[in-house]
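Engineer: I am sharing target12.cif, which consists of mmCIF, C-alpha atoms and all ligand atoms:
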data_query
#
loop_
_atom_site.label_atom_id
_atom_site.label_comp_id
_atom_site.auth_asym_id
_atom_site.auth_seq_id
_atom_site.Cartn_x
_atom_site.Cartn_y
_atom_site.Cartn_z
CA MET O 1 26.50 -29.98 -3.61
CA SER O 2 29.68 -28.65 -1.96
CA GLU O 3 29.62 -25.15 -0.55
CA THR O 4 31.98 -23.93 -3.29
CA ASN O 5 29.72 -25.36 -5.98
CA ARG O 6 26.70 -23.87 -4.30
CA ILE O 7 28.32 -20.42 -4.25
CA ASP O 8 29.29 -20.74 -7.93
CA ASP O 9 25.74 -21.76 -8.75
CA ILE O 10 24.29 -18.77 -6.89
CA LEU O 11 26.67 -16.39 -8.65
CA GLU O 12 25.80 -17.85 -12.07
CA ARG O 13 22.10 -17.49 -11.42
CA ALA O 14 22.53 -13.91 -10.19
CA ILE O 15 24.49 -13.06 -13.35
CA ASP O 16 21.55 -14.42 -15.36
CA GLY O 17 19.24 -12.08 -13.48
CA GLU O 18 17.72 -14.61 -11.11
CA ARG O 19 16.77 -13.31 -7.67
CA LEU O 20 18.83 -14.33 -4.68
CA THR O 21 17.02 -15.51 -1.57
CA PRO O 22 18.07 -13.98 1.77
CA ASP O 23 19.89 -17.21 2.65
CA GLU O 24 21.80 -17.11 -0.63
CA GLY O 25 22.74 -13.48 -0.12
CA LEU O 26 23.97 -14.27 3.36
CA LEU O 27 26.06 -17.19 2.13
CA LEU O 28 27.73 -14.91 -0.42
CA LEU O 29 28.46 -12.28 2.22
CA GLU O 30 29.90 -14.86 4.58
CA LYS O 31 31.78 -17.22 2.32
CA ALA O 32 32.21 -16.16 -1.33
CA ASP O 33 35.69 -15.04 -2.29
CA LEU O 34 36.15 -11.37 -3.00
CA LEU O 35 37.20 -11.57 -6.65
CA SER O 36 34.38 -13.95 -7.63
CA LEU O 37 31.90 -11.56 -6.03
CA GLY O 38 33.42 -8.61 -7.89
CA ALA O 39 33.40 -10.43 -11.23
CA ALA O 40 29.75 -11.45 -10.85
CA ALA O 41 28.69 -7.97 -9.74
CA HIS O 42 30.51 -6.46 -12.71
CA GLU O 43 28.64 -8.80 -15.08
CA VAL O 44 25.33 -7.63 -13.63
CA ARG O 45 26.46 -4.02 -13.92
CA MET O 46 27.41 -4.53 -17.58
CA ARG O 47 24.03 -6.13 -18.30
CA LEU O 48 22.24 -3.15 -16.74
CA HIS O 49 24.65 -0.58 -18.25
CA PRO O 50 26.31 -2.15 -21.31
CA GLU O 51 28.42 0.90 -22.16
CA ARG O 52 31.66 1.39 -20.29
CA VAL O 53 30.47 4.72 -18.96
CA VAL O 54 30.64 5.87 -15.36
CA THR O 55 28.41 8.78 -14.44
CA TYR O 56 28.79 11.44 -11.75
CA ILE O 57 26.94 14.56 -10.62
CA VAL O 58 28.21 18.01 -9.73
CA ASP O 59 26.30 18.97 -6.63
CA ARG O 60 26.80 20.28 -3.15
CA ASN O 61 25.92 18.95 0.27
CA VAL O 62 24.17 21.68 2.21
CA ASN O 63 23.48 21.05 5.87
CA TYR O 64 20.94 23.74 6.75
CA SER O 65 21.17 22.97 10.47
CA ASN O 66 22.87 20.54 12.83
CA ILE O 67 20.25 20.79 15.56
CA CYS O 68 18.85 17.36 16.25
CA ASP O 69 17.05 15.48 18.98
CA SER O 70 17.69 11.98 17.67
CA TYR O 71 21.07 11.62 19.41
CA CYS O 72 22.28 8.76 17.22
CA LYS O 73 25.17 7.05 18.97
CA PHE O 74 27.43 7.11 15.93
CA CYS O 75 26.85 10.76 14.95
CA SER O 76 29.48 13.44 15.46
CA PHE O 77 27.56 16.07 13.49
CA TYR O 78 24.54 16.96 15.60
CA ALA O 79 24.06 19.55 18.33
CA ALA O 80 21.29 19.02 20.88
CA PRO O 81 18.47 21.59 20.87
CA GLY O 82 19.58 24.50 23.02
CA SER O 83 23.27 23.66 22.66
CA LYS O 84 25.63 26.56 21.93
CA ASN O 85 27.08 24.46 19.10
CA GLY O 86 23.84 24.46 17.15
CA TYR O 87 23.54 26.45 13.94
CA ILE O 88 21.00 27.28 11.28
CA LEU O 89 22.23 28.52 7.94
CA SER O 90 21.03 32.03 7.22
CA ARG O 91 19.23 32.72 3.95
CA ALA O 92 22.26 34.73 2.84
CA ALA O 93 24.51 31.73 3.44
CA LEU O 94 22.15 29.42 1.60
CA LYS O 95 22.02 31.84 -1.30
CA GLN O 96 25.79 32.00 -1.45
CA LYS O 97 26.15 28.23 -1.38
CA ILE O 98 23.58 27.67 -4.11
CA GLU O 99 24.93 30.42 -6.35
CA GLU O 100 28.46 29.04 -5.96
CA THR O 101 27.18 25.58 -6.82
CA LYS O 102 25.53 26.83 -9.99
CA ALA O 103 28.60 28.86 -10.92
CA LEU O 104 30.67 25.70 -10.58
CA GLY O 105 28.40 23.91 -13.04
CA GLY O 106 26.37 22.15 -10.34
CA ASN O 107 22.75 21.30 -10.97
CA GLN O 108 21.62 19.98 -7.59
CA ILE O 109 21.84 20.55 -3.89
CA LEU O 110 21.62 17.65 -1.47
CA MET O 111 20.23 19.34 1.63
CA GLN O 112 19.80 17.64 4.98
CA GLY O 113 19.84 18.56 8.63
CA GLY O 114 18.78 16.99 11.90
CA THR O 115 15.38 16.23 13.42
CA HIS O 116 14.25 19.43 15.10
CA PRO O 117 11.66 19.16 17.88
CA ASP O 118 9.70 22.30 16.87
CA TRP O 119 10.04 23.18 13.22
CA ASP O 120 6.85 22.50 11.32
CA ILE O 121 5.76 22.14 7.74
CA ASP O 122 5.58 25.90 7.15
CA TRP O 123 9.18 26.34 8.30
CA TYR O 124 10.36 23.61 5.93
CA CYS O 125 8.19 24.76 3.01
CA ASP O 126 9.77 28.23 3.35
CA LEU O 127 13.23 26.66 3.33
CA ILE O 128 12.55 24.46 0.30
CA ALA O 129 10.82 27.25 -1.63
CA PHE O 130 13.76 29.57 -0.98
CA CYS O 131 16.23 27.00 -2.36
CA LYS O 132 14.02 26.18 -5.33
CA SER O 133 13.80 29.87 -6.24
CA PHE O 134 17.37 29.53 -7.57
CA ASP O 135 16.16 27.05 -10.21
CA ILE O 136 18.21 24.11 -9.03
CA HIS O 137 17.24 20.49 -8.33
CA VAL O 138 16.40 20.24 -4.64
CA HIS O 139 17.22 16.75 -3.36
CA ALA O 140 16.45 17.17 0.30
CA LEU O 141 15.17 15.98 3.67
CA SER O 142 15.73 12.37 4.66
CA SER O 143 13.10 10.04 6.12
CA PRO O 144 13.83 10.91 9.79
CA GLU O 145 13.40 14.63 9.06
CA ILE O 146 10.16 14.06 7.14
CA GLN O 147 8.78 11.80 9.86
CA LYS O 148 9.59 14.49 12.42
CA ILE O 149 7.95 17.26 10.36
CA ALA O 150 4.82 15.11 10.01
CA VAL O 151 4.62 14.57 13.78
CA VAL O 152 5.29 18.23 14.68
CA SER O 153 2.80 19.41 12.05
CA LYS O 154 0.17 16.75 12.87
CA LEU O 155 0.05 15.72 9.22
CA SER O 156 0.21 12.34 7.54
CA VAL O 157 3.53 11.45 5.92
CA ARG O 158 1.85 11.57 2.49
CA ASP O 159 0.46 15.07 3.07
CA THR O 160 3.79 16.26 4.46
CA ILE O 161 5.63 15.13 1.34
CA ALA O 162 2.93 16.57 -0.91
CA ARG O 163 3.26 19.97 0.79
CA LEU O 164 7.04 19.87 0.50
CA ARG O 165 6.80 18.83 -3.16
CA ASP O 166 4.45 21.71 -3.88
CA ALA O 167 7.00 24.04 -2.24
CA GLY O 168 9.73 22.78 -4.60
CA LEU O 169 11.12 19.51 -3.23
CA ASP O 170 12.22 17.47 -6.24
CA SER O 171 13.44 14.21 -4.70
CA ILE O 172 14.25 12.62 -1.36
CA PRO O 173 17.68 11.30 -0.39
CA GLY O 174 18.11 7.93 1.30
CA GLY O 175 19.83 9.33 4.39
CA GLY O 176 18.99 8.02 7.82
CA ALA O 177 18.65 4.41 6.68
CA GLU O 178 21.88 3.18 8.26
CA ILE O 179 20.74 -0.45 8.57
CA LEU O 180 17.06 -1.10 8.09
CA THR O 181 16.46 -3.64 10.84
CA ASP O 182 15.07 -2.94 14.24
CA TYR O 183 17.99 -4.77 15.88
CA ALA O 184 20.64 -2.58 14.25
CA ARG O 185 18.67 0.63 14.75
CA GLY O 186 18.15 -0.25 18.39
CA GLU O 187 21.91 -0.52 18.76
CA ILE O 188 22.92 2.77 17.14
CA SER O 189 19.92 5.07 16.71
CA PRO O 190 17.07 4.02 18.97
CA LEU O 191 15.36 7.44 18.89
CA LYS O 192 15.35 7.81 15.14
CA CYS O 193 12.55 6.58 12.88
CA THR O 194 12.03 2.83 12.75
CA THR O 195 12.69 0.64 9.74
CA ASP O 196 9.01 0.67 8.79
CA GLU O 197 8.81 4.45 9.18
CA TRP O 198 11.91 4.98 7.02
CA LEU O 199 10.45 2.79 4.31
CA ASP O 200 7.05 4.44 4.56
CA VAL O 201 8.45 7.87 3.68
CA HIS O 202 9.87 6.41 0.48
CA ARG O 203 6.69 4.43 -0.20
CA GLN O 204 4.56 7.58 0.09
CA ALA O 205 6.99 9.61 -2.02
CA HIS O 206 6.97 6.94 -4.73
CA ALA O 207 3.17 6.90 -4.65
CA LEU O 208 3.24 10.65 -5.30
CA GLY O 209 5.47 10.05 -8.33
CA MET O 210 8.63 11.28 -6.63
CA ARG O 211 11.95 9.48 -7.08
CA THR O 212 14.21 8.79 -4.11
CA THR O 213 17.53 7.09 -3.37
CA ALA O 214 18.40 4.23 -1.03
CA THR O 215 21.45 4.04 1.22
CA MET O 216 23.16 1.70 3.66
CA MET O 217 25.79 2.53 6.27
CA LEU O 218 27.64 -0.63 7.21
CA GLY O 219 30.39 -1.67 9.54
CA HIS O 220 29.03 -0.68 12.97
CA ARG O 221 26.94 -2.87 15.26
CA GLU O 222 24.98 -4.70 12.59
CA ARG O 223 25.27 -8.41 11.81
CA LEU O 224 25.66 -9.74 8.28
CA VAL O 225 22.08 -10.96 8.42
CA ASP O 226 20.99 -7.35 9.04
CA ARG O 227 22.68 -6.23 5.82
CA ILE O 228 20.75 -8.84 3.87
CA GLU O 229 17.46 -7.96 5.54
CA HIS O 230 18.15 -4.32 4.66
CA LEU O 231 18.66 -5.22 0.98
CA ASP O 232 15.57 -7.39 1.04
CA ARG O 233 13.36 -4.62 2.42
CA LEU O 234 14.61 -2.25 -0.28
CA ARG O 235 14.04 -4.81 -3.02
CA ILE O 236 10.47 -5.42 -1.89
CA LEU O 237 9.70 -1.70 -1.75
CA GLN O 238 11.20 -1.16 -5.20
CA ASP O 239 9.01 -3.96 -6.60
CA GLU O 240 6.01 -2.24 -5.05
CA ALA O 241 6.95 1.12 -6.61
CA HIS O 242 7.39 -0.43 -10.05
CA ALA O 243 4.12 -2.36 -9.82
CA ASN O 244 2.13 0.66 -8.65
CA ALA O 245 3.60 2.97 -11.29
CA GLY O 246 3.42 0.37 -14.07
CA THR O 247 6.98 1.25 -15.07
CA GLU O 248 10.52 0.69 -13.87
CA GLU O 249 11.06 4.46 -14.11
CA ALA O 250 9.78 4.79 -10.54
CA GLY O 251 10.97 4.33 -6.99
CA PHE O 252 14.65 4.38 -6.05
CA THR O 253 17.02 5.73 -8.69
CA ALA O 254 20.14 4.40 -6.98
CA PHE O 255 21.64 2.49 -4.11
CA ILE O 256 24.60 3.94 -2.20
CA CYS O 257 26.44 2.16 0.59
CA TRP O 258 29.40 3.31 2.62
CA LEU O 259 31.48 2.17 5.51
CA PHE O 260 30.93 3.67 8.95
CA GLN O 261 33.96 5.63 10.17
CA PRO O 262 34.37 4.83 13.87
CA THR O 263 36.72 7.72 14.54
CA HIS O 264 35.39 8.71 17.87
CA VAL O 265 31.76 8.30 18.73
CA LEU O 266 31.11 4.56 18.88
CA SER O 267 34.36 4.00 20.68
CA GLY O 268 35.53 0.44 20.86
CA ASP O 269 34.47 -0.28 17.28
CA GLU O 270 37.32 -1.14 14.95
CA ALA O 271 37.66 0.50 11.58
CA ARG O 272 36.70 -1.95 8.82
CA GLY O 273 38.69 -2.15 5.64
CA GLY O 274 37.97 -1.61 1.97
CA THR O 275 37.51 -5.32 1.29
CA GLU O 276 34.51 -5.48 3.59
CA TYR O 277 33.01 -2.51 1.76
CA LEU O 278 33.69 -4.11 -1.63
CA ARG O 279 32.19 -7.46 -0.60
CA THR O 280 28.97 -5.81 0.56
CA LEU O 281 28.88 -3.58 -2.50
CA ALA O 282 29.15 -6.59 -4.82
CA VAL O 283 26.46 -8.54 -2.96
CA SER O 284 24.19 -5.50 -3.06
CA ARG O 285 24.60 -5.29 -6.85
CA LEU O 286 23.70 -8.98 -7.14
CA TYR O 287 20.79 -8.80 -4.70
CA LEU O 288 19.25 -5.49 -5.67
CA GLN O 289 19.00 -5.80 -9.42
CA ASN O 290 15.72 -3.89 -9.56
CA VAL O 291 17.56 -0.69 -8.54
CA ARG O 292 19.33 0.41 -11.70
CA ASN O 293 22.24 2.44 -10.40
CA SER O 294 24.92 1.70 -7.83
CA GLN O 295 27.14 4.51 -6.55
CA ALA O 296 30.74 4.21 -5.46
CA SER O 297 31.37 5.88 -2.13
CA TRP O 298 34.77 7.44 -2.66
CA VAL O 299 34.08 10.27 -0.18
CA THR O 300 34.65 7.96 2.77
CA MET O 301 36.78 5.30 1.10
CA GLY O 302 39.03 7.47 -1.08
CA PRO O 303 39.44 7.59 -4.86
CA LYS O 304 41.42 4.34 -5.07
CA VAL O 305 38.74 2.23 -3.41
CA GLY O 306 36.27 4.23 -5.52
CA GLN O 307 38.06 2.96 -8.63
CA MET O 308 37.89 -0.62 -7.32
CA ALA O 309 34.18 -0.15 -6.71
CA LEU O 310 33.73 0.44 -10.44
CA TRP O 311 34.78 -3.20 -10.89
CA PHE O 312 32.51 -4.38 -8.07
CA GLY O 313 29.19 -3.39 -9.59
CA CYS O 314 29.14 0.43 -9.50
CA ASN O 315 28.26 2.45 -12.58
CA ASP O 316 28.31 5.86 -10.88
CA MET O 317 30.82 7.92 -8.89
CA GLY O 318 28.17 9.93 -7.07
CA SER O 319 28.86 13.55 -6.34
CA THR O 320 31.91 15.75 -6.75
CA MET O 321 31.15 16.80 -3.15
CA ILE O 322 31.79 20.48 -3.50
CA GLU O 323 31.10 20.45 0.21
CA GLU O 324 30.66 17.68 2.74
CA ASN O 325 30.07 18.25 6.44
CA VAL O 326 28.68 15.10 8.00
CA VAL O 327 31.41 12.64 7.07
CA SER O 328 34.11 15.25 7.51
CA SER O 329 32.88 15.93 11.04
CA ALA O 330 33.71 12.27 11.73
CA GLY O 331 37.21 13.08 10.54
CA VAL O 332 37.22 11.26 7.19
CA ALA O 333 36.37 12.84 3.86
CA TYR O 334 37.93 13.05 0.42
CA ARG O 335 37.09 15.62 -2.20
CA MET O 336 37.52 15.65 -5.98
CA LEU O 337 36.82 18.23 -8.64
CA SER O 338 35.35 17.26 -12.03
CA PRO O 339 38.70 16.95 -13.84
CA GLU O 340 39.97 14.65 -11.09
CA ILE O 341 36.81 12.54 -11.27
CA HIS O 342 37.28 12.24 -15.03
CA SER O 343 40.88 11.10 -14.67
CA VAL O 344 40.08 8.67 -11.82
CA ILE O 345 37.29 7.12 -13.91
CA ALA O 346 39.49 6.97 -17.05
CA ALA O 347 42.34 5.35 -15.12
CA ALA O 348 39.92 2.64 -13.96
CA GLY O 349 39.06 1.88 -17.60
CA PHE O 350 35.77 3.74 -18.08
CA ARG O 351 34.54 6.95 -19.71
CA ALA O 352 33.20 9.67 -17.42
CA GLN O 353 29.83 11.24 -18.07
CA GLU O 354 28.30 14.05 -16.07
CA ARG O 355 24.61 13.52 -15.27
CA ASN O 356 21.68 15.04 -13.43
CA PHE O 357 19.60 13.44 -10.62
CA PHE O 358 17.64 11.38 -13.16
CA TYR O 359 20.85 10.00 -14.71
CA GLU O 360 20.30 12.02 -17.88
CA PRO O 361 23.62 12.93 -19.53
CA LEU O 362 24.89 16.49 -19.27
CA GLU O 363 27.76 18.22 -20.95
CA ALA O 364 30.62 18.54 -18.46
CA GLN O 365 31.48 22.17 -17.86
CA PHE O 366 34.91 21.82 -16.26
CA LEU O 367 34.53 25.16 -14.55
CA ASP O 368 36.34 23.94 -11.51
CA SER O 369 40.00 24.38 -12.18
CA PRO O 370 41.56 25.80 -9.00
CA GLU O 371 42.01 29.21 -10.66
CA ARG O 372 38.45 29.33 -11.95
CA LEU O 373 37.14 28.21 -8.58
CA ARG O 374 39.03 30.95 -6.83
CA GLU O 375 37.67 33.45 -9.31
CA ILE O 376 34.09 32.29 -8.72
CA VAL O 377 34.03 31.87 -4.99
CA GLY O 378 36.46 34.67 -4.18
CA HIS O 379 38.59 32.58 -1.85
CA ASP O 380 40.76 29.49 -1.76
CA PRO O 381 38.72 26.67 -3.33
CA LYS O 382 40.13 24.22 -0.81
CA ASN O 383 38.12 26.08 1.77
CA LEU O 384 34.53 26.47 0.69
CA ALA O 385 33.37 26.70 4.27
CA LEU O 386 31.54 29.87 5.15
CA PRO O 387 32.74 32.43 7.66
CA ALA O 388 31.21 32.29 11.14
CA GLU O 389 28.95 35.28 10.53
CA ALA O 390 27.08 33.26 7.89
CA PHE O 391 25.45 31.16 10.58
CA ASP O 392 22.45 32.27 12.52
CA LYS O 393 22.92 31.50 16.17
CA VAL O 394 20.24 29.21 17.35
CA PRO O 395 18.25 30.99 20.04
CA ALA O 396 17.37 34.05 17.96
CA SER O 397 16.50 32.07 14.86
CA VAL O 398 14.45 29.52 16.68
CA ALA O 399 12.62 32.22 18.59
CA ALA O 400 11.85 34.02 15.35
CA ARG O 401 10.33 30.88 13.90
CA ARG O 402 8.21 29.84 16.83
S1 LIG W 1 22.62 10.97 12.24
FE1 LIG W 1 21.10 12.53 11.68
S2 LIG W 1 19.32 12.01 12.95
FE2 LIG W 1 21.08 10.97 13.89
S3 LIG W 1 21.87 12.44 15.45
FE3 LIG W 1 23.01 12.79 13.54
S4 LIG W 1 21.90 14.47 12.55
FE4 LIG W 1 20.52 13.55 14.06
#
Written as structure tokens, how would this file's structure read?

Structural biologist:
Amino acid sequence: MSETNRIDDILERAIDGERLTPDEGLLLLEKADLLSLGAAAHEVRMRLHPERVVTYIVDRNVNYSNICDSYCKFCSFYAAPGSKNGYILSRAALKQKIEETKALGGNQILMQGGTHPDWDIDWYCDLIAFCKSFDIHVHALSSPEIQKIAVVSKLSVRDTIARLRDAGLDSIPGGGAEILTDYARGEISPLKCTTDEWLDVHRQAHALGMRTTATMMLGHRERLVDRIEHLDRLRILQDEAHANAGTEEAGFTAFICWLFQPTHVLSGDEARGGTEYLRTLAVSRLYLQNVRNSQASWVTMGPKVGQMALWFGCNDMGSTMIEENVVSSAGVAYRMLSPEIHSVIAAAGFRAQERNFFYEPLEAQFLDSPERLREIVGHDPKNLALPAEAFDKVPASVAARR
């Protein structure tokens, strides 16, 4: 069989729901043409989501602190412990951010920070309980943070998650995955949790009945084979979650991949283009068919590539990103309000539907016209950043918590 015929055969079988082997996935990534990949991924998407609906969520990224001792080589967000650039959001600032989010029709906060060398389970339970007291979905703390809390608190990962859940943690985001192979992690984040540790946080959360999301950051030091291994590890874990729960309403709710922005930290790396993102997105849709939802990453790629992604296997536009700090600290971030998301989705040929974390439909509130935003937040909606006095300076806050 010629290579072209072999690729066509693999795509046909994937469209029919057959599982790709790692070698087949790699061949698609390396050799399949872009439009064939997109067409096949779209067929899979339409089988999983037959209606021409694209969902999105109104939520806010809240970065409670940037203090981190993982020193990932690609990260331009963190401040080392003891650095004068470190911050911890005060309770007043958190309150303001959450109340603004709710006033804007948001139903979730996505809250992450760094890995702090000293903060223990009590510190984090206080933080989560405070956020949950505003009656909002708390999607928070990535695997590296949870692994760190477990170590500092001398608890198992399962007990750590159980404590956080009891304090109000609703779900766990897939942050910190980057590429789930030891080779790639060794290249860019050697001090952060290993592949097995990242997966174990999600495994334990799934076992406790908690849903989580899966991510991939591509386009840095990884090889194509690493991307496939990453997808394979996620697929295996999702199978495990479904088998253990006896239902497909378990495990990862969604897969989200985005392209690394090499603006300054990993110098020497070239920026990759949208086609590389779209190729990987399409292969991920074909490979990872046991994860129902695929999100378009328009925050890093822009709304136009986001529209293309809707024809490369994505059924979801992710978040309106009322606020985004991590990507924007690398110098690249786009932002859209609900009406813009609706028009971007409509222009791509789909109907927009607001949703919650569980992909249940919600009635769009459209509270975020510029005038209404200004009215709610009391300042220019283009600048939702908080004034400097909203941040606790590190030494005092850390001392108070020790
Ligand atoms: S990516 Fe996350 S874990 Fe790594 S240095 Fe940045 S804040 Fe820390």

Engineer: Centre and edge lengths, as AutoDock Vina command-line options, for the axis-aligned box enclosing every listed atom of ligand LIG 1 (chain W) with 5 Å of padding on each of the six sides, in Å to one decimal?

Structural biologist:
--center_x 21.2 --center_y 12.7 --center_z 13.6 --size_x 13.7 --size_y 13.5 --size_z 13.8

Engineer: Env of range 220-230 of chain O: 9 Å cut, atoms = all atoms listed in the file, seq-sep filter 2 positions within chain, self excluded. Answer as an MDAnalysis selection string.

Structural biologist: chainID O and resid 22:23 25:26 29:30 74 177 179:181 183:185 187:188 195 216:218 232:235 259:262 266 269:272 280 283:284 287

Engineer: Per residue of chain O within 10 Å of ligand LIG 1 (chain W), which atom pair is closest and at what distance in Å (one decimal), using only C-alpha atoms and all ligand atoms, listed by chain and increasing number, as a Markdown table?

Structural biologist:
| residue | atom | partner | partner_atom | distance |
| --- | --- | --- | --- | --- |
| O:Asn63 | CA | W:LIG1 | S4 | 9.5 |
| O:Ser65 | CA | W:LIG1 | S4 | 8.8 |
| O:Asn66 | CA | W:LIG1 | S4 | 6.2 |
| O:Ile67 | CA | W:LIG1 | S4 | 7.2 |
| O:Cys68 | CA | W:LIG1 | FE4 | 4.7 |
| O:Asp69 | CA | W:LIG1 | FE4 | 6.3 |
| O:Ser70 | CA | W:LIG1 | S3 | 4.8 |
| O:Tyr71 | CA | W:LIG1 | S3 | 4.1 |
| O:Cys72 | CA | W:LIG1 | S3 | 4.1 |
| O:Lys73 | CA | W:LIG1 | S3 | 7.2 |
| O:Phe74 | CA | W:LIG1 | S1 | 7.2 |
| O:Cys75 | CA | W:LIG1 | FE3 | 4.6 |
| O:Ser76 | CA | W:LIG1 | FE3 | 6.8 |
| O:Phe77 | CA | W:LIG1 | FE3 | 5.6 |
| O:Tyr78 | CA | W:LIG1 | S4 | 4.7 |
| O:Ala79 | CA | W:LIG1 | S3 | 8.0 |
| O:Ala80 | CA | W:LIG1 | S3 | 8.6 |
| O:Gln112 | CA | W:LIG1 | S4 | 8.5 |
| O:Gly113 | CA | W:LIG1 | S4 | 6.0 |
| O:Gly114 | CA | W:LIG1 | S4 | 4.1 |
| O:Thr115 | CA | W:LIG1 | S2 | 5.8 |
| O:His116 | CA | W:LIG1 | FE4 | 8.7 |
| O:Ser142 | CA | W:LIG1 | FE1 | 8.8 |
| O:Ser143 | CA | W:LIG1 | S2 | 9.4 |
| O:Pro144 | CA | W:LIG1 | S2 | 6.4 |
| O:Glu145 | CA | W:LIG1 | S2 | 7.6 |
| O:Gly175 | CA | W:LIG1 | FE1 | 8.1 |
| O:Gly176 | CA | W:LIG1 | FE1 | 6.3 |
| O:Ala177 | CA | W:LIG1 | S1 | 9.5 |
| O:Glu178 | CA | W:LIG1 | S1 | 8.8 |
| O:Ile188 | CA | W:LIG1 | FE2 | 9.0 |
| O:Ser189 | CA | W:LIG1 | FE2 | 6.6 |
| O:Pro190 | CA | W:LIG1 | FE2 | 9.5 |
| O:Leu191 | CA | W:LIG1 | FE2 | 8.4 |
| O:Lys192 | CA | W:LIG1 | S2 | 6.2 |
| O:Cys193 | CA | W:LIG1 | S2 | 8.7 |
| O:Val326 | CA | W:LIG1 | S4 | 8.2 |

Engineer: Counting only C-alpha atoms, which residue out of O:Gly106, O:Gly313, O:Gly318, O:Gly306 sits closest to Ala39 in chain O?

Structural biologist: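 Of O:Gly106, O:Gly313, O:Gly318, O:Gly306, the one nearest Ala39 in chain O is O:Gly313, counting only C-alpha atoms.
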
Engineer: When you count only C-alpha atoms, which of these residues is closest to Asp316 in chain O: O:Val54, O:Thr253, O:Asp118, O:Lys154?

Structural biologist: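 Using only C-alpha atoms, Asp316 in chain O sits closest to O:Val54.
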
Engineer: Please compute the CA of Asn293 in chain O-CA of Arg6 in chain O distance, one decimal, in Å.

Structural biologist: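 Answer for the CA of Asn293 in chain O to CA of Arg6 in chain O separation: 27.4 Å.
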
Engineer: What is the distance between CA of Ile136 in chain O and CA of Val299 in chain O, in Å to one decimal?

Structural biologist: 22.8 Å

Engineer: CA of Ala14 in chain O and CA of Gln295 in chain O are how many Å apart?

Structural biologist: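 CA of Gln295 in chain O lies 19.3 Å from CA of Ala14 in chain O.
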
Engineer: Hey, what's within 8 Å of Asn107 in chain O if we count all atoms listed in the file and toss same-chain stuff fewer than 6 positions away? As a PyMOL selection string, please?

Structural biologist: chain O and resi 57-59+101+136-137+356

Engineer: Please list as a PyMOL selection string every residue within 12 Å of Asn244 in chain O, counting all atoms listed in the file and excluding residues in the same chain fewer than 2 positions away.

Structural biologist: chain O and resi 203-204+206-209+237-242+246-251

Engineer: Considering all atoms listed in the file, state which residue in the set O:Asn5, O:Gln147, O:Thr275, O:Gln108 is at the smallest distance from Phe312 in chain O.

Structural biologist: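 Going through O:Asn5, O:Gln147, O:Thr275, O:Gln108 one by one, the smallest distance to Phe312 in chain O is for O:Thr275.
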
Engineer: Which residue, O:Val138, O:Cys257, O:Leu34, O:Leu286, has the smallest gap to Arg211 in chain O when you use only C-alpha atoms?

Structural biologist: O:Val138

Engineer: Using all atoms listed in the file, which residues sit within 10 Å of Ala364 in chain O once same-chain residues fewer than 5 positions away are excluded, as JSON, numbers by chain?

Structural biologist: {"O": [56, 57, 58, 105, 106, 338, 339, 342, 352, 353, 354, 355]}

Engineer: Name the closest residue to Lys95 in chain O among the candidates O:Ile7, O:Ala214, O:Met308, O:Cys131; distances are taken between atoms, counting only C-alpha atoms.

Structural biologist: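 Looking only at the distances to Lys95 in chain O, the closest residue turns out to be O:Cys131.
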
Engineer: Of the candidates O:Leu110, O:Leu199, O:Leu141, O:Leu28, which one gets nearest to Ala282 in chain O if we count only C-alpha atoms?

Structural biologist: O:Leu28

Engineer: Compile the contact shell of range 122-129 of chain O as a PyMOL selection string: residues with an atom at most 12 Å away, counting all atoms listed in the file, same-chain residues fewer than 3 positions apart removed.

Structural biologist: chain O and resi 63-65+88-91+94-95+109-113+115-116+118-119+132-141+145-146+148-150+152-153+155+160-171+397-398+400-402
